[in-house]
Each structure stands twice: as C-alpha cells, then as structure tokens.
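J.: Handing over structure_36.txt, compact mmCIF, C-alpha atoms and all ligand atoms.
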# COMPACT_ATOMS: atom_id res chain seq x y z
CA MET A 1 94.07 103.75 88.21
CA LYS A 2 95.66 105.58 91.13
CA ASP A 3 97.67 108.74 90.55
CA SER A 4 99.08 108.89 94.07
CA TYR A 5 99.95 106.41 96.79
CA HIS A 6 98.16 106.27 100.11
CA LEU A 7 98.91 105.40 103.70
CA ASN A 8 97.68 101.87 103.13
CA THR A 9 99.59 101.27 99.89
CA LYS A 10 101.08 97.77 100.11
CA LEU A 11 104.76 97.41 99.35
CA THR A 12 106.48 94.71 97.29
CA GLY A 13 109.92 94.69 95.71
CA LEU A 14 113.09 93.04 94.50
CA LEU A 15 116.33 92.30 96.37
CA GLY A 16 119.47 91.66 94.37
CA HIS A 17 122.72 93.03 93.03
CA PRO A 18 122.93 94.34 90.36
CA ILE A 19 119.27 95.08 89.69
CA LYS A 20 119.24 98.04 87.34
CA HIS A 21 118.43 95.90 84.25
CA SER A 22 115.48 94.08 85.87
CA TYR A 23 112.07 94.22 84.17
CA SER A 24 110.27 93.20 87.39
CA PRO A 25 109.44 96.76 88.58
CA LEU A 26 107.94 97.47 85.16
CA ILE A 27 105.94 94.20 85.07
CA HIS A 28 104.51 94.47 88.58
CA ASN A 29 103.81 98.20 88.68
CA MET A 30 102.12 97.97 85.27
CA THR A 31 99.95 95.12 86.53
CA PHE A 32 99.03 96.86 89.80
CA GLN A 33 97.79 99.78 87.70
CA LEU A 34 95.96 97.55 85.20
CA LYS A 35 94.19 95.77 88.06
CA GLY A 36 93.58 98.96 90.10
CA LEU A 37 95.43 97.53 93.11
CA ASP A 38 96.91 99.84 95.73
CA TYR A 39 100.37 98.25 95.65
CA ILE A 40 103.82 99.40 94.58
CA PHE A 41 106.95 97.42 93.60
CA LEU A 42 110.38 98.86 94.48
CA PRO A 43 113.89 97.69 93.51
CA PHE A 44 116.38 97.33 96.40
CA ASP A 45 120.06 97.00 95.48
CA VAL A 46 121.37 94.76 98.28
CA LEU A 47 124.90 93.37 98.60
CA THR A 48 125.47 89.88 100.05
CA SER A 49 126.97 91.39 103.21
CA SER A 50 123.71 93.33 103.82
CA LEU A 51 121.17 90.57 103.04
CA LYS A 52 120.32 89.64 106.64
CA THR A 53 119.88 93.29 107.68
CA ALA A 54 117.80 93.98 104.56
CA LEU A 55 115.45 91.08 105.44
CA LYS A 56 114.96 92.46 108.95
CA GLY A 57 114.12 95.78 107.31
CA MET A 58 111.59 94.13 104.96
CA ILE A 59 109.87 92.55 107.99
CA GLY A 60 110.06 95.75 110.05
CA LEU A 61 108.52 97.79 107.26
CA GLY A 62 105.77 95.22 106.66
CA ILE A 63 106.71 94.64 103.01
CA LYS A 64 104.11 92.13 101.73
CA GLY A 65 106.42 90.16 99.47
CA PHE A 66 109.47 90.41 97.30
CA ASN A 67 111.47 88.80 94.53
CA ILE A 68 115.02 87.62 95.03
CA THR A 69 117.57 87.68 92.27
CA ILE A 70 121.30 87.12 91.74
CA PRO A 71 123.32 86.66 93.96
CA HIS A 72 120.89 85.87 96.83
CA LYS A 73 118.61 83.11 95.45
CA GLU A 74 120.43 80.27 97.24
CA ASN A 75 121.75 82.15 100.23
CA ILE A 76 118.34 83.41 101.30
CA ILE A 77 116.95 79.94 102.06
CA GLN A 78 118.56 79.90 105.53
CA TYR A 79 116.43 82.93 106.55
CA MET A 80 113.06 81.44 105.50
CA ASN A 81 110.51 80.13 108.01
CA SER A 82 109.23 77.75 105.34
CA VAL A 83 110.26 76.78 101.82
CA SER A 84 108.02 75.26 99.14
CA GLU A 85 108.78 71.80 97.77
CA GLU A 86 110.04 73.09 94.41
CA ALA A 87 112.29 75.77 95.95
CA SER A 88 113.71 73.21 98.36
CA ILE A 89 114.57 70.70 95.58
CA ILE A 90 115.91 73.38 93.22
CA GLY A 91 117.84 74.93 96.11
CA ALA A 92 116.84 78.48 95.18
CA VAL A 93 114.12 80.95 96.20
CA ASN A 94 113.07 83.76 93.85
CA THR A 95 109.85 84.86 95.63
CA VAL A 96 109.18 85.54 99.30
CA VAL A 97 105.83 86.13 101.03
CA ASN A 98 105.97 88.01 104.35
CA ASP A 99 103.06 86.93 106.55
CA LEU A 100 103.38 89.17 109.62
CA GLY A 101 107.10 88.44 109.95
CA LYS A 102 106.98 84.79 108.86
CA LEU A 103 108.85 84.45 105.56
CA SER A 104 107.85 81.75 103.04
CA GLY A 105 110.08 81.05 100.03
CA TYR A 106 108.99 79.87 96.58
CA ASN A 107 110.56 79.32 93.16
CA THR A 108 108.20 80.74 90.55
CA ASP A 109 110.66 80.12 87.67
CA VAL A 110 109.02 76.68 87.72
CA ASN A 111 105.70 78.29 86.81
CA GLY A 112 107.47 80.25 84.05
CA VAL A 113 108.93 77.13 82.48
CA TYR A 114 105.74 75.11 83.01
CA GLU A 115 103.39 77.62 81.36
CA THR A 116 105.78 78.22 78.44
CA LEU A 117 106.05 74.50 77.67
CA LEU A 118 102.49 73.43 78.54
CA PRO A 119 101.11 73.78 74.96
CA PHE A 120 103.76 71.23 73.87
CA LYS A 121 103.29 68.71 76.67
CA GLU A 122 102.28 65.82 74.41
CA GLU A 123 105.33 66.30 72.19
CA ILE A 124 107.71 66.48 75.14
CA THR A 125 106.48 63.57 77.27
CA GLY A 126 108.31 60.35 76.40
CA ASN A 127 110.81 62.10 74.11
CA GLU A 128 114.40 63.25 74.50
CA VAL A 129 115.11 66.83 75.59
CA SER A 130 118.44 68.74 75.48
CA VAL A 131 119.16 71.30 78.19
CA VAL A 132 122.20 73.54 77.70
CA GLY A 133 123.42 75.08 80.96
CA ALA A 134 123.93 73.94 84.52
CA GLY A 135 123.31 77.07 86.60
CA GLY A 136 120.31 78.17 88.66
CA ALA A 137 117.95 78.54 85.69
CA ALA A 138 118.85 75.05 84.43
CA ARG A 139 117.91 73.63 87.85
CA ALA A 140 114.40 75.13 87.59
CA VAL A 141 114.12 73.81 84.01
CA ILE A 142 115.21 70.28 84.97
CA TYR A 143 112.89 70.18 88.00
CA THR A 144 109.91 71.25 85.85
CA LEU A 145 110.72 68.77 83.08
CA ILE A 146 110.98 65.82 85.48
CA ARG A 147 108.01 66.81 87.64
CA TYR A 148 105.50 67.73 84.92
CA PHE A 149 106.70 66.66 81.46
CA LYS A 150 108.44 63.31 81.98
CA PRO A 151 110.82 63.24 79.00
CA SER A 152 112.39 59.87 78.14
CA THR A 153 115.92 61.31 78.45
CA ILE A 154 117.43 64.64 79.46
CA PHE A 155 120.67 65.48 77.66
CA LEU A 156 122.59 67.92 79.89
CA ILE A 157 125.18 69.97 78.00
CA ASN A 158 127.39 72.55 79.67
CA ARG A 159 130.61 74.45 79.01
CA THR A 160 131.95 72.94 82.24
CA GLU A 161 130.85 69.32 81.91
CA GLN A 162 131.58 68.62 85.58
CA ARG A 163 128.71 70.94 86.57
CA ALA A 164 126.36 68.97 84.32
CA GLU A 165 127.56 65.75 85.98
CA THR A 166 126.92 67.25 89.41
CA LEU A 167 123.37 68.24 88.39
CA LYS A 168 122.72 64.76 87.02
CA HIS A 169 123.67 63.13 90.32
CA TYR A 170 121.75 65.75 92.29
CA PHE A 171 118.46 65.15 90.43
CA CYS A 172 118.96 61.38 90.40
CA ASP A 173 119.16 61.57 94.17
CA LYS A 174 116.43 64.17 94.83
CA MET A 175 113.84 63.18 92.21
CA LYS A 176 114.77 59.56 91.45
CA TYR A 177 115.15 60.38 87.74
CA ASP A 178 118.12 58.60 86.20
CA SER A 179 117.64 59.02 82.44
CA PHE A 180 120.37 61.61 82.01
CA LYS A 181 123.20 61.90 79.53
CA THR A 182 125.83 64.65 79.83
CA ARG A 183 128.20 66.35 77.41
CA GLU A 184 130.59 69.27 77.29
CA LEU A 185 129.44 72.23 75.18
CA PHE A 186 131.42 71.60 72.01
CA PRO A 187 129.77 72.99 68.85
CA PRO A 188 130.61 70.31 66.21
CA ASP A 189 129.03 67.71 68.47
CA LEU A 190 125.86 69.61 69.20
CA ILE A 191 124.14 68.82 65.92
CA ASP A 192 124.27 65.10 66.66
CA ILE A 193 123.04 65.61 70.19
CA PHE A 194 120.23 67.94 69.19
CA ARG A 195 119.14 65.73 66.29
CA ASN A 196 117.45 63.26 68.64
CA SER A 197 115.84 65.90 70.84
CA LYS A 198 112.24 67.03 70.45
CA LEU A 199 112.95 70.06 72.63
CA ILE A 200 116.18 72.06 72.94
CA ILE A 201 116.48 74.57 75.78
CA ASN A 202 119.16 77.21 76.20
CA ALA A 203 119.47 77.85 79.94
CA THR A 204 122.84 79.65 79.65
CA SER A 205 123.38 83.38 79.37
CA VAL A 206 124.92 82.93 75.89
CA GLY A 207 123.31 85.39 73.45
CA MET A 208 122.26 87.88 76.11
CA PHE A 209 122.66 91.62 75.40
CA PRO A 210 125.26 93.08 74.75
CA GLU A 211 126.79 89.80 73.40
CA SER A 212 123.72 89.36 71.19
CA ASP A 213 125.62 87.75 68.28
CA ASP A 214 126.74 84.79 70.42
CA THR A 215 124.91 81.49 70.23
CA ILE A 216 125.33 77.94 71.56
CA THR A 217 125.37 76.71 67.95
CA SER A 218 125.75 78.69 64.75
CA LEU A 219 126.00 75.73 62.43
CA ASN A 220 123.48 75.34 59.64
CA HIS A 221 121.05 72.43 59.86
CA SER A 222 121.20 72.40 63.66
CA PHE A 223 117.42 72.12 63.85
CA THR A 224 114.44 70.66 62.02
CA LYS A 225 110.86 71.83 61.67
CA GLU A 226 109.71 69.06 64.04
CA GLN A 227 111.74 70.54 66.91
CA ILE A 228 110.93 73.11 69.58
CA VAL A 229 113.68 75.55 70.62
CA PHE A 230 113.24 77.49 73.88
CA ASP A 231 115.73 80.22 74.81
CA LEU A 232 115.55 81.51 78.39
CA VAL A 233 117.39 84.68 77.37
CA TYR A 234 114.81 87.48 76.95
CA ASN A 235 117.00 90.40 75.92
CA PRO A 236 117.13 90.49 72.93
CA LEU A 237 113.67 89.07 72.46
CA GLN A 238 114.68 87.06 69.41
CA THR A 239 118.16 85.74 70.14
CA GLN A 240 120.60 84.58 67.49
CA LEU A 241 119.74 80.99 68.48
CA LEU A 242 116.01 81.59 67.91
CA LYS A 243 116.72 83.30 64.58
CA ILE A 244 118.64 80.23 63.35
CA ALA A 245 115.98 77.85 64.66
CA ALA A 246 113.17 79.88 63.03
CA LEU A 247 115.02 79.89 59.68
CA GLU A 248 115.14 76.10 59.84
CA GLY A 249 111.42 75.90 60.55
CA ALA A 250 111.55 74.92 64.24
CA THR A 251 108.95 76.18 66.72
CA ILE A 252 110.57 78.90 68.82
CA LEU A 253 109.79 80.01 72.38
CA ASP A 254 111.35 83.16 73.85
CA GLY A 255 112.42 83.84 77.43
CA LEU A 256 109.94 86.70 77.86
CA LYS A 257 107.04 84.22 78.15
CA MET A 258 108.81 82.53 81.03
CA LEU A 259 109.63 85.87 82.64
CA VAL A 260 106.01 87.03 82.57
CA HIS A 261 104.67 83.69 83.82
CA GLN A 262 107.13 83.56 86.73
CA ALA A 263 106.12 87.12 87.60
CA ALA A 264 102.44 86.13 87.37
CA LYS A 265 102.92 83.45 90.03
CA SER A 266 104.76 85.88 92.35
CA PHE A 267 101.97 88.42 91.80
CA GLU A 268 99.34 85.82 92.71
CA LEU A 269 101.24 84.83 95.87
CA TRP A 270 101.36 88.46 97.03
CA THR A 271 97.92 89.71 95.99
CA GLY A 272 95.75 86.60 95.45
CA GLU A 273 94.95 88.04 92.00
CA GLU A 274 95.67 86.85 88.47
CA MET A 275 98.04 88.74 86.19
CA PRO A 276 96.70 89.41 82.65
CA VAL A 277 99.75 87.68 81.17
CA GLU A 278 98.96 88.21 77.48
CA GLU A 279 98.48 91.95 77.94
CA VAL A 280 101.65 92.28 80.03
CA TYR A 281 103.62 90.16 77.53
CA LYS A 282 102.53 92.31 74.59
CA THR A 283 103.36 95.57 76.40
CA LEU A 284 106.81 94.28 77.34
CA GLN A 285 107.44 93.09 73.78
CA LEU A 286 106.84 96.63 72.53
CA TYR A 287 108.99 98.10 75.32
CA ILE A 288 111.96 95.79 74.53
CA LYS A 289 111.68 96.39 70.79
CA GLY A 290 111.84 100.11 71.65
P1 LIG B 1 124.10 81.07 86.17
O1 LIG B 1 123.65 80.32 87.37
O2 LIG B 1 125.18 82.08 86.30
O3 LIG B 1 124.56 79.98 85.04
C1 LIG B 1 125.08 80.41 83.82
C2 LIG B 1 125.16 79.22 82.84
O4 LIG B 1 125.57 79.75 81.57
C3 LIG B 1 126.20 78.18 83.22
O5 LIG B 1 125.77 76.91 82.76
C4 LIG B 1 127.45 78.65 82.43
O6 LIG B 1 128.35 77.60 82.13
C5 LIG B 1 126.79 79.11 81.15
N1 LIG B 1 127.60 80.09 80.41
C6 LIG B 1 127.82 81.39 80.75
N2 LIG B 1 128.61 81.98 79.82
C7 LIG B 1 128.88 81.03 78.89
C8 LIG B 1 129.65 81.03 77.68
N3 LIG B 1 130.28 82.13 77.25
N4 LIG B 1 129.70 79.89 76.97
C9 LIG B 1 129.05 78.77 77.37
N5 LIG B 1 128.32 78.71 78.52
C10 LIG B 1 128.25 79.83 79.27
O7 LIG B 1 122.89 81.85 85.48
P2 LIG B 1 121.33 81.43 85.52
O8 LIG B 1 120.67 82.09 86.67
O9 LIG B 1 121.26 79.97 85.39
O10 LIG B 1 120.76 82.18 84.20
C11 LIG B 1 121.04 81.70 82.89
C12 LIG B 1 120.27 82.53 81.88
O11 LIG B 1 118.87 82.31 82.04
C13 LIG B 1 120.49 84.04 82.01
O12 LIG B 1 120.59 84.59 80.72
C14 LIG B 1 119.22 84.53 82.66
O13 LIG B 1 118.89 85.87 82.30
C15 LIG B 1 118.21 83.56 82.07
N6 LIG B 1 117.00 83.43 82.91
C16 LIG B 1 115.82 83.73 82.31
C17 LIG B 1 114.66 83.63 83.06
C18 LIG B 1 113.35 83.96 82.40
O14 LIG B 1 112.36 84.15 83.13
N7 LIG B 1 113.29 84.00 81.10
C19 LIG B 1 114.70 83.22 84.39
C20 LIG B 1 115.93 82.89 84.97
C21 LIG B 1 117.09 83.01 84.20
P3 LIG B 1 129.52 77.18 83.17
O15 LIG B 1 128.87 76.24 84.16
O16 LIG B 1 130.53 76.51 82.33
O17 LIG B 1 130.01 78.45 83.81
Represent the supplied structure as structure tokens.
Ligand code: NAP

T.:
Amino acid sequence: MKDSYHLNTKLTGLLGHPIKHSYSPLIHNMTFQLKGLDYIFLPFDVLTSSLKTALKGMIGLGIKGFNITIPHKENIIQYMNSVSEEASIIGAVNTVVNDLGKLSGYNTDVNGVYETLLPFKEEITGNEVSVVGAGGAARAVIYTLIRYFKPSTIFLINRTEQRAETLKHYFCDKMKYDSFKTRELFPPDLIDIFRNSKLIINATSVGMFPESDDTITSLNHSFTKEQIVFDLVYNPLQTQLLKIAALEGATILDGLKMLVHQAAKSFELWTGEEMPVEEVYKTLQLYIKG
C-alpha cells in the first residue's frame, strides 16, 4: 500500500454534475490500495458548458480513463473516437479509456446488470420480466435483458407512459426484439402486472435517499416467494421496495451489487486488473450502513 503518490502515478476520475454523492472515488481508490496499484481516482465537477474543454484537459493531462455521470452520459458520445456496441445501442457512455489521446467509450452498467442477474439466468430466460422506469438506467437494463437473458416478454412501466412507448419502439428497431408491453405507473394496476413476472426491476429513482419511504408499490401481496425483485437504487441499501418484497418471501437484489460490478468493469478497462468485488461490496455495505 502506498502512502504517497509519485511522479508516475496514473490518474483516473469522474466527470459529472453534481458529483458530491458519488461512491466511485471511494470504490476505485480503495481498490487501487487493495491491489497495490499506483493509481488515483479524482472527482471533477464539470458543467455541460465546460464538457468539451474538460475533455481536452483530460487528454492534455494524460488521464488514463474516467467515468461519466449525469448529465453527460449521452452528450459525450460525439467526442469519442470509438464507441462500444453496447454504449452505441444504449446511447450512453459511462466509462472512457484514453489511449494517447484517442477516446473509447463504453457502458459498464451493462456489466453491473449482467453480473447481478447472472445467478438467476435460468429463471429469467423464457419468462416475463417487469421493468419500471424509462430513463438511462432502464436502457442499460433492457439492453442486457434482451442481449443476454432473453425473457419471453418485457413489461415496461413508467410514470410517463409515452417514454416507455418510445423505448419499446427504439429497442424493437435496434435489437429486433418486439415482445414488449407498456403501462403507465399506476399502483392499483401494478399487482396484476407484476403477478406474471418472474423478475421485477425498479430502474427509477423512487425510494432513493432522502425520499427513502417512497416505493413504486406499497400494496400488500405485491410479490410472491417465487419472484426476484431487483432495485437499482443503492442508497439506502435496503429500499422500501426491497423491504416489502423480502417480507413476502421474494428474492431481493440491491443496487450496490450493480454499482460494484459496473465499477469492476471500468477498473478492468483502465488497469487490466480484476477488482475483488466481494471485498469491495462488503466494505461499501458497512460504509453505507454507517
Ligand atoms: P433518469 O434517466 O433521470 O430516469 C429516471 C426515471 O425515474 C424515469 O423513468 C422517471 O419517470 C422515473 N421517476 C423519477 N421520479 C419518479 C417518481 N416520483 N415517480 C415515478 N417515477 C419517477 O435516471 P437514471 O439514470 O435512469 O437512474 C434511475 C435510478 O437508477 C437512479 O436512482 C440511479 O441512482 C439508479 N442507478 C443505479 C445504478 C447502479 O449501479 N446501481 C446505475 C445507474 C443508475 P419519468 O419518465 O416519468 O420522468
């Protein structure tokens, strides 16, 4: 473990606005130390109007790679020299590798969703899945489901149903998957929709701190013990949705697993090394619980 940084310390970081609540500096700096790598991860608070200048700065300073977060994930694509297949279909980049001034964009949220759901692949393939949300995270979820898990049907539910409709047409066109149903987020209906789903995914920000009491459904008997409920929200660790699902015996998956696995893929792209995901996950769990 290094106690000081040297002239050849490699730089990585995060570009976004706001960034003060991000766990990425903690995850990456902890892992660099665990692995004894001479790297450091720095947060850069960058407004949309400064994105292009900031990228020139990243290249000029020889920053090895960086994460991209809200609001730049879509906008940054125009500045990439190359974009991976998944980032191109999803339409968002969350990880950039700087190879001597050539910028390559990736979407490692796909890895986060994939690794979280992998132990349940057999249950998901050929069955119906409900996805609540139609924002950037939902796009990564839908891409991963279609590409790797092949559910029989994806039920897209969103507060603004038109956005769900737009996503349906987008993925029909881009991935030739046409087994979608859509519905507006309307609580009394959700039980019926969820009843036929093996997997229910919350890809909205509902339930996120400080609105931790909110949930996409608070009705009793929303879930059964045969179902899997995955909440992308990771703060709090056990959301109100996951508490309800656990009480009803469903298998629950928290957003922290996805967060660590997406970080692990970024880490690998920058360093060529594996992240000890279990160790990092456990440390973060303790940190979040305080
Ligand atoms: P986004 O693009 O802003 O989309 C937000 C989604 O949440 C939209 O579908 C929006 O519905 C819905 N929503 C927001 N407030 C709502 C409310 N009060 N009631 C009902 N629906 C509401 O955000 P995003 O990037 O997709 O992120 C969504 C969540 O995923 C965030 O909590 C984020 O932290 C989490 N996330 C987690 C990970 C991870 O690694 N675990 C990775 C990425 C994202 P409308 O379309 O109607 O506005």

J.: At a cut-off of 6 Å and counting all atoms listed in the file, what residues surround ligand LIG 1 (chain B)? Please answer as a PyMOL selection string.

T.: chain A and resi 133-138+158-160+163+203-206+208+232-234+255-256+258-259

J.: Quote the spacing between atom CA of A:Phe41 and atom CA of A:Lys64 in Å to one decimal place.

T.: 10.1 Å

J.: Distance atom CA of A:Val129-atom CA of A:Thr182, one decimal place?

T.: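 Computing the Euclidean distance for atom CA of A:Val129 and atom CA of A:Thr182 yields 11.7 Å.
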
J.: From the options A:Phe194, A:Thr48, A:Lys174, A:Gly207, which residue's atoms come nearest to A:Ser222, counting all atoms listed in the file?

T.: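 Of all the options, A:Phe194 lies closest to A:Ser222.
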
J.: Rank A:Gln162, A:Ser212, A:Asn94, A:Asn202 by their smallest atom-to-atom distance to A:Ile142, using all atoms listed in the file, and report the top residue only.

T.: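 Once distances to A:Ile142 are computed over all atoms listed in the file, the minimum belongs to A:Asn202.
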
J.: Adding 5 Å on each side of the box along x, y and z that holds all listed atoms of stretch 83-86 of chain A, could you give its centre and edge lengths in Å to one decimal, as JSON?

T.:
{"center_x": 109.1, "center_y": 74.3, "center_z": 98.1, "size_x": 12.2, "size_y": 15.0, "size_z": 17.4}

J.: Here is a test: counting all atoms listed in the file, which residue of A:Lys121, A:His261, A:Lys243, A:Lys168 is nearest to A:Thr153?

T.: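 Smallest distance to A:Thr153 is found for A:Lys168.
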
J.: Between atom CA of A:Gln78 and atom CA of A:Glu165, what distance in Å does the model show, to one decimal?

T.: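 Separating atom CA of A:Gln78 from atom CA of A:Glu165 is a distance of 25.8 Å.
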
J.: Which residue out of A:Gly126, A:Thr144, A:Leu167, A:Ala245 has the minimum interatomic distance to A:Gly112 when only C-alpha atoms are used?

T.: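 Going through A:Gly126, A:Thr144, A:Leu167, A:Ala245 one by one, the smallest distance to A:Gly112 is for A:Thr144.
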
J.: I want to know what sits within 8 Å of A:Leu241, based on all atoms listed in the file, with residues of the same chain fewer than 4 positions away left out; could you give that as a VMD selection string?

T.: chain A and resid 207 215 to 218 231 245

J.: List as a ChimeraX atom specification the protein and nucleic acid residues near A:Trp270, meaning an atom at most 12 Å away when only C-alpha atoms are counted, but skip any in the same chain fewer than 4 places from it.

T.: /A:10-13,28,32,37,39-41,63-67,95-99,104-106,263-266,274-275

J.: Export C-alpha atoms of the chosen residues as a PDB file, in the coordinates of the input?

T.:
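The new file selection01.pdb reads:
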ATOM      1  CA  LYS A  10     101.080  97.770 100.110  1.00  0.00           C
ATOM      2  CA  LEU A  11     104.760  97.410  99.350  1.00  0.00           C
ATOM      3  CA  THR A  12     106.480  94.710  97.290  1.00  0.00           C
ATOM      4  CA  GLY A  13     109.920  94.690  95.710  1.00  0.00           C
ATOM      5  CA  HIS A  28     104.510  94.470  88.580  1.00  0.00           C
ATOM      6  CA  PHE A  32      99.030  96.860  89.800  1.00  0.00           C
ATOM      7  CA  LEU A  37      95.430  97.530  93.110  1.00  0.00           C
ATOM      8  CA  TYR A  39     100.370  98.250  95.650  1.00  0.00           C
ATOM      9  CA  ILE A  40     103.820  99.400  94.580  1.00  0.00           C
ATOM     10  CA  PHE A  41     106.950  97.420  93.600  1.00  0.00           C
ATOM     11  CA  ILE A  63     106.710  94.640 103.010  1.00  0.00           C
ATOM     12  CA  LYS A  64     104.110  92.130 101.730  1.00  0.00           C
ATOM     13  CA  GLY A  65     106.420  90.160  99.470  1.00  0.00           C
ATOM     14  CA  PHE A  66     109.470  90.410  97.300  1.00  0.00           C
ATOM     15  CA  ASN A  67     111.470  88.800  94.530  1.00  0.00           C
ATOM     16  CA  THR A  95     109.850  84.860  95.630  1.00  0.00           C
ATOM     17  CA  VAL A  96     109.180  85.540  99.300  1.00  0.00           C
ATOM     18  CA  VAL A  97     105.830  86.130 101.030  1.00  0.00           C
ATOM     19  CA  ASN A  98     105.970  88.010 104.350  1.00  0.00           C
ATOM     20  CA  ASP A  99     103.060  86.930 106.550  1.00  0.00           C
ATOM     21  CA  SER A 104     107.850  81.750 103.040  1.00  0.00           C
ATOM     22  CA  GLY A 105     110.080  81.050 100.030  1.00  0.00           C
ATOM     23  CA  TYR A 106     108.990  79.870  96.580  1.00  0.00           C
ATOM     24  CA  ALA A 263     106.120  87.120  87.600  1.00  0.00           C
ATOM     25  CA  ALA A 264     102.440  86.130  87.370  1.00  0.00           C
ATOM     26  CA  LYS A 265     102.920  83.450  90.030  1.00  0.00           C
ATOM     27  CA  SER A 266     104.760  85.880  92.350  1.00  0.00           C
ATOM     28  CA  GLU A 274      95.670  86.850  88.470  1.00  0.00           C
ATOM     29  CA  MET A 275      98.040  88.740  86.190  1.00  0.00           C
TER      30      MET A 275
END

J.: Within 12 Å of (106.6, 74.6, 103.7) (file coordinates; all atoms listed in the file), which protein or nucleic acid residues are there? I'd like them as an MDAnalysis selection string.

T.: chainID A and resid 77 80:88 97 102:106

J.: Could you write stretch 161-185 of chain A as a CSV table (one decimal), keeping the file's coordinate frame, with N, CA and C atoms rebuilt where they are missing?

T.:
chain,number,residue,atom,x,y,z
A,161,GLU,N,131.6,70.6,81.9
A,161,GLU,CA,130.8,69.3,81.9
A,161,GLU,C,130.7,68.8,83.3
A,162,GLN,N,131.7,69.1,84.2
A,162,GLN,CA,131.6,68.6,85.6
A,162,GLN,C,130.3,69.1,86.3
A,163,ARG,N,129.9,70.4,85.9
A,163,ARG,CA,128.7,70.9,86.6
A,163,ARG,C,127.5,70.2,86.1
A,164,ALA,N,127.5,69.8,84.8
A,164,ALA,CA,126.4,69.0,84.3
A,164,ALA,C,126.3,67.6,85.0
A,165,GLU,N,127.5,67.0,85.3
A,165,GLU,CA,127.6,65.8,86.0
A,165,GLU,C,127.0,65.9,87.4
A,166,THR,N,127.4,67.0,88.0
A,166,THR,CA,126.9,67.2,89.4
A,166,THR,C,125.4,67.4,89.4
A,167,LEU,N,124.8,68.1,88.4
A,167,LEU,CA,123.4,68.2,88.4
A,167,LEU,C,122.7,66.9,88.2
A,168,LYS,N,123.3,66.1,87.3
A,168,LYS,CA,122.7,64.8,87.0
A,168,LYS,C,122.6,64.0,88.3
A,169,HIS,N,123.7,63.9,89.1
A,169,HIS,CA,123.7,63.1,90.3
A,169,HIS,C,122.7,63.7,91.3
A,170,TYR,N,122.6,65.1,91.3
A,170,TYR,CA,121.8,65.8,92.3
A,170,TYR,C,120.3,65.4,92.0
A,171,PHE,N,119.9,65.4,90.7
A,171,PHE,CA,118.5,65.2,90.4
A,171,PHE,C,118.1,63.7,90.5
A,172,CYS,N,119.2,62.8,90.2
A,172,CYS,CA,119.0,61.4,90.4
A,172,CYS,C,118.6,61.1,91.9
A,173,ASP,N,119.3,61.8,92.7
A,173,ASP,CA,119.2,61.6,94.2
A,173,ASP,C,117.8,62.2,94.7
A,174,LYS,N,117.6,63.4,94.3
A,174,LYS,CA,116.4,64.2,94.8
A,174,LYS,C,115.1,63.7,94.2
A,175,MET,N,115.1,63.4,92.9
A,175,MET,CA,113.8,63.2,92.2
A,175,MET,C,113.8,61.8,91.6
A,176,LYS,N,114.8,61.0,91.9
A,176,LYS,CA,114.8,59.6,91.4
A,176,LYS,C,114.6,59.5,89.9
A,177,TYR,N,115.2,60.4,89.2
A,177,TYR,CA,115.2,60.4,87.7
A,177,TYR,C,116.6,60.1,87.3
A,178,ASP,N,116.7,59.0,86.5
A,178,ASP,CA,118.1,58.6,86.2
A,178,ASP,C,118.4,58.5,84.7
A,179,SER,N,117.5,59.1,83.9
A,179,SER,CA,117.6,59.0,82.4
A,179,SER,C,118.4,60.2,81.9
A,180,PHE,N,119.6,60.5,82.4
A,180,PHE,CA,120.4,61.6,82.0
A,180,PHE,C,121.5,61.1,81.1
A,181,LYS,N,121.9,62.0,80.2
A,181,LYS,CA,123.2,61.9,79.5
A,181,LYS,C,123.9,63.3,79.7
A,182,THR,N,125.2,63.3,79.7
A,182,THR,CA,125.8,64.6,79.8
A,182,THR,C,126.9,64.8,78.7
A,183,ARG,N,127.2,66.1,78.4
A,183,ARG,CA,128.2,66.4,77.4
A,183,ARG,C,128.7,67.8,77.6
A,184,GLU,N,130.0,67.9,77.3
A,184,GLU,CA,130.6,69.3,77.3
A,184,GLU,C,130.0,70.1,76.1
A,185,LEU,N,129.9,71.4,76.3
A,185,LEU,CA,129.4,72.2,75.2
A,185,LEU,C,130.6,72.3,74.1
